[in-house]
Structure formats: C-alpha cells, structure tokens
>>> print(open('my_file-v4.tsv').read())   # TSV, C-alpha atoms
chain	number	residue	atom	x	y	z
G	1	MET	CA	0.00	0.00	0.00
G	2	GLU	CA	1.34	3.42	-1.00
G	3	TYR	CA	0.66	5.17	2.29
G	4	SER	CA	1.78	2.30	4.51
G	5	ASP	CA	5.17	1.99	2.81
G	6	PHE	CA	5.69	5.74	3.00
G	7	TYR	CA	4.67	6.00	6.64
G	8	GLN	CA	6.96	3.18	7.64
G	9	GLN	CA	9.86	5.29	6.41
G	10	PHE	CA	8.47	8.64	7.56
G	11	PHE	CA	7.16	8.07	11.10
G	12	PRO	CA	9.59	6.77	13.74
G	13	PHE	CA	6.71	5.32	15.75
G	14	TRP	CA	5.13	3.35	12.87
G	15	ASP	CA	6.39	-0.10	13.86
G	16	ASN	CA	5.02	0.38	17.39
G	17	LEU	CA	1.43	0.83	16.19
G	18	SER	CA	-1.15	-1.93	16.13
G	19	GLN	CA	-2.28	-3.09	12.71
G	20	SER	CA	-5.69	-1.51	13.31
G	21	ASP	CA	-4.10	1.87	14.00
G	22	LYS	CA	-1.89	1.54	10.92
G	23	ASP	CA	-5.00	0.80	8.86
G	24	MET	CA	-6.75	3.79	10.44
G	25	PHE	CA	-3.84	6.03	9.46
G	26	CYS	CA	-3.94	4.88	5.85
G	27	ASP	CA	-7.74	4.85	5.53
G	28	ASN	CA	-7.86	8.47	6.75
G	29	THR	CA	-5.12	9.73	4.45
G	30	SER	CA	-5.82	11.40	1.13
G	31	THR	CA	-3.58	12.88	-1.55
G	32	VAL	CA	-4.41	16.53	-2.17
G	33	PHE	CA	-3.15	18.93	-4.81
G	34	PHE	CA	-2.91	22.71	-4.63
G	35	ASP	CA	-2.26	25.30	-7.30
G	36	SER	CA	0.24	28.07	-6.71
G	37	ARG	CA	-1.13	30.65	-4.19
G	38	GLN	CA	-4.14	28.46	-3.42
G	39	PRO	CA	-5.26	28.54	0.24
G	40	VAL	CA	-4.56	25.30	2.10
G	41	HIS	CA	-5.82	26.25	5.55
G	42	ASN	CA	-7.59	29.41	6.76
G	43	ASN	CA	-7.89	28.71	10.48
G	44	ILE	CA	-11.68	28.30	10.25
G	45	GLU	CA	-11.58	24.59	10.97
G	46	CYS	CA	-9.17	21.89	12.09
G	47	THR	CA	-8.08	20.70	8.66
G	48	GLY	CA	-5.57	17.94	9.33
G	49	LEU	CA	-1.89	17.14	9.16
G	50	PHE	CA	-0.07	17.81	5.91
G	51	ILE	CA	3.05	16.05	4.67
G	52	VAL	CA	4.53	17.86	1.67
G	53	LYS	CA	5.38	15.49	-1.17
G	54	LYS	CA	6.05	18.09	-3.87
G	55	GLY	CA	6.03	21.87	-4.00
G	56	ARG	CA	6.14	24.29	-1.07
G	57	LEU	CA	3.68	25.60	1.51
G	58	ARG	CA	3.86	28.95	3.28
G	59	LEU	CA	2.58	29.50	6.82
G	60	TYR	CA	1.83	33.06	7.89
G	61	ILE	CA	-0.12	35.21	10.30
G	62	LEU	CA	-2.21	38.29	9.61
G	63	SER	CA	-2.07	41.58	11.49
G	64	GLU	CA	-5.24	43.51	12.32
G	65	ASP	CA	-4.66	45.77	9.32
G	66	GLY	CA	-4.24	42.80	6.97
G	67	ARG	CA	-0.45	42.64	6.69
G	68	GLU	CA	1.05	39.19	6.32
G	69	ILE	CA	4.19	37.90	8.05
G	70	THR	CA	5.68	34.59	6.97
G	71	LEU	CA	6.42	32.27	9.88
G	72	TYR	CA	8.12	29.54	7.89
G	73	ARG	CA	7.78	27.47	4.74
G	74	LEU	CA	7.50	23.73	4.23
G	75	ALA	CA	9.46	21.82	1.58
G	76	PRO	CA	9.07	18.21	0.41
G	77	GLY	CA	9.42	15.84	3.36
G	78	ASP	CA	8.20	18.41	5.91
G	79	LEU	CA	5.21	17.86	8.20
G	80	CYS	CA	2.72	20.62	9.06
G	81	MET	CA	1.08	20.30	12.48
G	82	LEU	CA	-0.42	23.78	12.75
G	83	ALA	CA	-3.38	22.99	10.49
G	84	ALA	CA	-4.47	20.45	13.13
G	85	SER	CA	-4.70	22.68	16.17
G	86	CYS	CA	-7.46	20.48	17.60
G	87	VAL	CA	-4.87	17.72	18.05
G	88	ILE	CA	-2.52	19.92	20.09
G	89	GLN	CA	-4.70	22.07	22.33
G	90	SER	CA	-1.85	24.44	23.22
G	91	ILE	CA	-1.84	25.85	19.68
G	92	THR	CA	-4.02	28.90	20.15
G	93	PHE	CA	-2.87	31.49	17.59
G	94	ASP	CA	-4.38	31.96	14.15
G	95	VAL	CA	-2.28	30.66	11.29
G	96	TYR	CA	-2.92	30.62	7.56
G	97	ILE	CA	-1.37	28.34	4.95
G	98	ASP	CA	-1.05	28.85	1.21
G	99	ALA	CA	0.70	26.86	-1.49
G	100	GLU	CA	3.64	28.91	-2.79
G	101	LEU	CA	4.20	26.48	-5.65
G	102	PRO	CA	1.98	23.82	-7.24
G	103	SER	CA	2.01	21.25	-4.45
G	104	GLU	CA	1.12	17.64	-3.72
G	105	CYS	CA	0.54	16.66	-0.10
G	106	TYR	CA	-0.65	13.77	2.00
G	107	MET	CA	-3.39	14.95	4.34
G	108	ILE	CA	-4.15	12.94	7.48
G	109	SER	CA	-7.53	13.50	9.09
G	110	ALA	CA	-7.09	15.47	12.32
G	111	SER	CA	-9.73	13.41	14.13
G	112	ALA	CA	-8.08	10.11	13.16
G	113	PHE	CA	-4.64	11.36	14.17
G	114	GLY	CA	-6.10	12.59	17.47
G	115	ASP	CA	-7.71	9.22	18.21
G	116	ILE	CA	-4.49	7.35	17.44
G	117	SER	CA	-2.34	9.74	19.50
G	118	ASP	CA	-4.70	9.31	22.47
G	119	ARG	CA	-4.00	5.57	22.40
G	120	ASN	CA	-0.30	5.80	21.62
G	121	PRO	CA	1.98	8.05	23.71
G	122	ASP	CA	4.74	7.75	21.09
G	123	VAL	CA	2.49	9.45	18.54
G	124	LYS	CA	1.56	12.27	20.92
G	125	ILE	CA	5.20	12.84	21.87
G	126	TYR	CA	6.15	12.94	18.18
G	127	ALA	CA	3.46	15.54	17.48
G	128	LEU	CA	4.59	17.71	20.38
G	129	GLU	CA	8.24	17.48	19.31
G	130	LYS	CA	7.34	18.60	15.79
G	131	ALA	CA	5.30	21.50	17.14
G	132	VAL	CA	8.18	22.58	19.39
G	133	GLU	CA	10.63	22.42	16.48
G	134	ARG	CA	8.47	24.82	14.48
G	135	PHE	CA	7.89	27.04	17.50
G	136	SER	CA	11.61	27.87	17.42
G	137	ASP	CA	11.17	29.03	13.81
G	138	VAL	CA	8.27	31.23	14.87
G	139	MET	CA	10.29	32.72	17.73
G	140	TRP	CA	13.13	33.55	15.32
G	141	VAL	CA	10.68	35.48	13.14
G	142	MET	CA	9.25	37.31	16.17
G	143	GLN	CA	12.79	38.19	17.29
G	144	GLN	CA	13.46	39.74	13.89
G	145	VAL	CA	10.21	41.71	13.94
G	146	VAL	CA	10.76	43.09	17.44
G	147	PHE	CA	14.50	43.69	17.55
G	148	MET	CA	15.88	44.03	14.02
G	149	SER	CA	15.86	46.85	11.49
G	150	MET	CA	14.08	46.23	8.20
G	151	ASP	CA	17.27	46.37	6.11
G	152	ARG	CA	18.76	43.64	8.27
G	153	ARG	CA	15.61	41.52	7.97
G	154	ILE	CA	15.68	41.91	4.17
G	155	ALA	CA	19.34	40.87	4.07
G	156	ILE	CA	18.68	37.79	6.23
G	157	PHE	CA	15.70	36.81	4.10
G	158	LEU	CA	17.63	37.16	0.82
G	159	LEU	CA	20.56	35.14	2.19
G	160	ASP	CA	18.15	32.38	3.26
G	161	GLU	CA	16.57	32.39	-0.19
G	162	MET	CA	19.98	32.12	-1.81
G	163	ALA	CA	20.87	29.17	0.42
G	164	ALA	CA	17.58	27.42	-0.31
G	165	SER	CA	17.74	27.89	-4.08
G	166	GLY	CA	21.50	27.58	-4.53
G	167	SER	CA	21.40	30.64	-6.78
G	168	ASN	CA	22.30	34.33	-6.56
G	169	SER	CA	19.20	35.13	-8.60
G	170	ILE	CA	15.96	35.14	-6.61
G	171	ALA	CA	12.64	35.02	-8.47
G	172	MET	CA	10.55	37.32	-6.30
G	173	THR	CA	8.72	40.60	-6.70
G	174	GLN	CA	9.06	43.47	-4.24
G	175	GLU	CA	5.40	42.96	-3.30
G	176	GLN	CA	6.07	39.31	-2.42
G	177	LEU	CA	9.12	40.27	-0.36
G	178	ALA	CA	7.08	42.87	1.52
G	179	ARG	CA	4.36	40.31	2.19
G	180	HIS	CA	6.86	37.82	3.63
G	181	LEU	CA	8.25	40.46	5.99
G	182	GLY	CA	4.98	42.07	6.98
G	183	THR	CA	5.81	45.56	5.74
G	184	ALA	CA	4.80	47.96	2.98
G	185	ARG	CA	6.07	47.56	-0.56
G	186	GLU	CA	7.31	51.17	-0.47
G	187	VAL	CA	9.60	50.33	2.46
G	188	VAL	CA	11.07	47.35	0.63
G	189	SER	CA	11.49	49.36	-2.57
G	190	ARG	CA	13.36	52.14	-0.78
G	191	LEU	CA	15.76	49.78	1.01
G	192	LEU	CA	16.42	47.72	-2.11
G	193	LYS	CA	17.29	50.94	-3.96
G	194	HIS	CA	19.84	51.76	-1.26
G	195	MET	CA	21.36	48.29	-1.60
G	196	ALA	CA	21.41	48.60	-5.37
G	197	ALA	CA	23.20	51.96	-5.07
G	198	ASP	CA	25.85	50.21	-2.97
G	199	SER	CA	26.23	47.53	-5.70
G	200	ILE	CA	24.97	44.81	-3.34
G	201	LEU	CA	22.14	43.73	-5.63
G	202	GLU	CA	20.15	44.69	-8.67
G	203	VAL	CA	16.41	44.56	-9.08
G	204	SER	CA	14.67	43.65	-12.30
G	205	ARG	CA	11.05	42.75	-13.03
G	206	GLY	CA	10.11	39.89	-10.73
G	207	ARG	CA	13.71	39.12	-9.79
G	208	ILE	CA	16.43	40.19	-7.34
G	209	ASN	CA	20.02	39.45	-8.32
G	210	ILE	CA	22.64	39.40	-5.57
G	211	LEU	CA	25.90	40.98	-6.74
G	212	ASP	CA	27.91	41.06	-3.51
G	213	LYS	CA	27.06	38.33	-1.02
G	214	ASN	CA	29.69	39.51	1.48
G	215	LYS	CA	28.23	43.01	1.66
G	216	LEU	CA	24.76	41.54	2.08
G	217	ARG	CA	26.01	39.30	4.87
G	218	SER	CA	27.62	42.28	6.63
G	219	ILE	CA	24.16	43.93	6.78
G	220	ALA	CA	22.56	40.74	8.09
G	221	TYR	CA	25.13	39.89	10.75
>>> encode(input="my_file-v4.tsv", output="structure tokens")
Amino acid sequence: MEYSDFYQQFFPFWDNLSQSDKDMFCDNTSTVFFDSRQPVHNNIECTGLFIVKKGRLRLYILSEDGREITLYRLAPGDLCMLAASCVIQSITFDVYIDAELPSECYMISASAFGDISDRNPDVKIYALEKAVERFSDVMWVMQQVVFMSMDRRIAIFLLDEMAASGSNSIAMTQEQLARHLGTAREVVSRLLKHMAADSILEVSRGRINILDKNKLRSIAY
C-alpha cells in the first residue's frame, strides 16, 4: 500500500502501532493537490496534518490591518502540524497556509490522528516534538520583527533564499518580499534601492540578483 510503505519510512513510531491503527492512518489519508497561491488552511476549521510530497507551503499570520508575516515554509518531506490545532490544544494562535508552488501533499484526518495519538503516547510525543521544532522558527521570526531593522531583515531573508535555491538570482517581486516580511512595498522598494546603489544587488522585473554576497552578509550579521 502506497501510504503504509511511506509512513513506515516517515514516522519513527510506525512499527510500534497496532495493525488496526496503521490501517486507520492509511484509511484516513488522502492525496491533495494545490495550485500556486491556493489557500490550504484558513484557520476556520481543524483541517488535518499535511506532509509535503512536492512543492512548497507557506505558513503566515495576519495583522489587524491585513499585513502578512511569513512564519516559515515547508518543503518536500516536511510535516505541518499547525493545520491540526485540535490535536494539540496548546496551539491557540491563528495561522494561515497557502501553497507557494503547485504542491502535492498527503493529508491525514485530524480526528483520526487525534484518536491514534490518544492511544499511543509515542504518537503524541512525536506531534509535540514537531510542534516545538516549528515554534523555534516562529520565535526567530518574532525576534526579527521586534528587535531588528528592516534592512537587516531583508538581508537575512535574501541570504536564506539564496541558500535554499542555490542561486544568486531570486525570483521574487518586491510585493512578495514585503508580504513575507509584513511591511509595505514602499519600504522594501526604498531599502532595495539603497542596496542597489551600494552595488549589493540589482532589481529587475520579478527578480532580485545578488551581486555582492559579502556586503549583504555584513548587513545581516
């Protein structure tokens, strides 16, 4: 069975489950597909757990005035717990999830996962560990928002994008960059112009090209 073979490799607790719980896992799993920028979860209901097979998901929060701030993104092989807040009752903040790229995911029913975790401490511990791992990512974003200047946050973000893509050319508009950082496009545009004047980068339509990685790193760190 497709799901069973995958889960045996993916979940460290799989071999400790009863056959009935393994069957429950698989019977309550579906393969879902999302187009680029399609909403995956809007915090209205407890959707389920997502395992990214292909593509990329973006998790973000919204301010009262509608600004978005990216918390983190999920690549193939990553598990998303925050769309199943009913499983972990301590998750109390509103989170939204969109597909950044055309994506294929396995979705596990939140109610089924909750029932299985109630019977199996290993499953509940695994879920809590995954939530704690992502909480550190969220705290890093909050630290940047509270304590760092916007030019430093832009530099850190661009360096992370370079590391993730393996390229000095980042396919991203200024509007997208502003949305990730929770600021106005005008702020991003002004700071990118300053960096361009210092020959750190150049901005073209829908793309940011890094010219001097060392200078960019000096702003970030």
>>> closest_residue(input="my_file-v4.tsv", among="G:Arg153, G:Arg67, G:Arg134, G:Arg73", to="Arg179 in chain G", atoms="all atoms listed in the file")
G:Arg67
>>> closest_residue(input="my_file-v4.tsv", among="G:Leu191, G:Gln174, G:Asn16, G:Ser4", to="Gly206 in chain G", atoms="all atoms listed in the file")
G:Gln174
>>> closest_residue(input="my_file-v4.tsv", among="G:Leu49, G:Gln38, G:Ile154, G:Ala184", to="Leu201 in chain G", atoms="only C-alpha atoms")
G:Ile154
>>> closest_residue(input="my_file-v4.tsv", among="G:Ile69, G:Met81, G:Val203, G:Ala164", to="Ala178 in chain G", atoms="only C-alpha atoms")
G:Ile69
>>> closest_atom_pairs(input="my_file-v4.tsv", of="range 21-42 of chain G", to="range 106-117 of chain G", cutoff="6 Å", atoms="only C-alpha atoms", output="tab-separated table")
residue	atom	partner	partner_atom	distance
G:Asn28	CA	G:Ser109	CA	5.6
G:Thr29	CA	G:Ile108	CA	4.5
G:Ser30	CA	G:Met107	CA	5.4
G:Thr31	CA	G:Tyr106	CA	4.7
>>> residues_around(input="my_file-v4.tsv", residues="Ser63 in chain G", least_positions_apart="6", cutoff="12 Å", atoms="all atoms listed in the file", output="MDAnalysis selection string")
chainID G and resid 69:70 93:96 179 181:183
>>> atom_distance(input="my_file-v4.tsv", atom1="CA of Arg217 in chain G", atom2="CA of Val132 in chain G")
28.4 Å
>>> closest_residue(input="my_file-v4.tsv", among="G:Ile210, G:Tyr7, G:Lys193, G:His180", to="Leu59 in chain G", atoms="only C-alpha atoms")
G:His180
>>> atom_distance(input="my_file-v4.tsv", atom1="CA of Leu158 in chain G", atom2="CA of Ala75 in chain G")
17.4 Å
>>> closest_residue(input="my_file-v4.tsv", among="G:Asp212, G:Asp151, G:Asp35, G:Asp98", to="Leu74 in chain G", atoms="all atoms listed in the file")
G:Asp98
>>> atom_distance(input="my_file-v4.tsv", atom1="CA of Val146 in chain G", atom2="CA of Val188 in chain G")
17.3 Å
